[in-house]
Amino acid sequence: MTDVTNETLRRWRQSQGWDVPRMARELRKAARDSGEDVAAHHGLVKMIPQWERGNRAPRERYRLLYLKIFTDALGGLPHGMDAVDLVLRLAEVRSRAASLPGPGQIRALEGAALAKPGQTMTPAEIRALAEQAIAHLHQVAGKLAELSALLGDDQAGQDKP
Amino acid sequence: MNARDDKIRQVVAELDAHVAEVEASVAALKALLASDEVPAEEEDPS
């Protein structure tokens, strides 16, 4: 998991809707399932933010537990290093998709940009930019649904848009 | 690597591209709004 950034750990956790104590519980559950000893709950609650901020790197056993949770949460993917890369990329892109503004927010940005005098873009260009963003947003929704169907999971409801 | 895995990779790549397009367009719209935040020059009182 050398290519996983600290930011990825945080964004992935948040994309699951998990707070830090929940992440700690999931790590302890994954450890219990595989018969491993890990830090106590309160210790993990302190360590997880440190890992996510990059103050310290998780040890190998915790990296492996994260991978197990990532893989299980995304479901149905094969195991192995190649699959690990895919799981992490999938988690990262899903997290980014969940952070996108909705069509209403894009329309609000468009309206605010159009209302401002002295823009470097013409109104037509601003409208086209907003249209383009919304069109791609629809494509994002379609691809998320396609992925959920492929993975056979029920996470589509957690994803935006 | 089976056909399903290949399909997942393909869809992830397409999703990544569409997300990047939305991010870029939204960043451009926000930049238009931010460009107006440069403080206006003070009028010369003389």
# chains A, B, ... in the order shown; residues from 1 in each chain; ligands from 1

call {"tool": "interface_residues", "arguments": {"of": "chain A", "to": "chain B", "cutoff": "7 Å", "atoms": "only C-alpha atoms", "output": "JSON, numbers by chain"}}
result
{"A": [90, 93, 97, 109, 110, 113, 119, 129, 133, 136, 137, 139, 140, 143, 147, 150]}

call {"tool": "write_last_selection", "arguments": {"atoms": "C-alpha atoms", "output": "compact mmCIF listing (two decimals), in the first residue's frame"}}
result
# COMPACT_ATOMS: atom_id res chain seq x y z
CA LEU A 90 -11.80 2.87 -7.22
CA VAL A 93 -12.29 8.13 -7.61
CA ALA A 97 -17.13 11.81 -7.17
CA LEU A 109 -21.88 29.24 -9.68
CA GLU A 110 -22.91 29.93 -13.27
CA ALA A 113 -20.30 34.27 -12.66
CA GLN A 119 -15.45 38.71 -16.78
CA LEU A 129 -18.81 25.71 -19.14
CA ALA A 133 -19.91 20.40 -16.07
CA HIS A 136 -20.20 15.27 -17.20
CA LEU A 137 -21.94 15.12 -13.83
CA GLN A 139 -21.98 10.79 -16.92
CA VAL A 140 -20.47 10.43 -13.44
CA LYS A 143 -20.68 5.38 -14.35
CA LEU A 147 -19.83 0.29 -11.23
CA LEU A 150 -20.61 -4.59 -11.76

call {"tool": "select_by_dssp", "arguments": {"residues": "chain A", "states": "helix (DSSP H, G or I)", "output": "PyMOL selection string"}}
result
chain A and resi 6-15+20-33+41-53+60-74+81-98+103-115+123-151+156-158

call {"tool": "atom_distance", "arguments": {"atom1": "CA of Glu7 in chain A", "atom2": "CA of Ala30 in chain A"}}
result
21.4 Å

call {"tool": "atom_distance", "arguments": {"atom1": "CA of Ala31 in chain A", "atom2": "CA of Gly152 in chain A"}}
result
25.0 Å

call {"tool": "atom_distance", "arguments": {"atom1": "CA of Ala112 in chain A", "atom2": "CA of Gln132 in chain A"}}
result
16.8 Å

call {"tool": "closest_residue", "arguments": {"among": "A:Arg56, A:His138, A:Arg28, A:Arg89", "to": "Phe70 in chain A", "atoms": "only C-alpha atoms"}}
result
A:Arg89
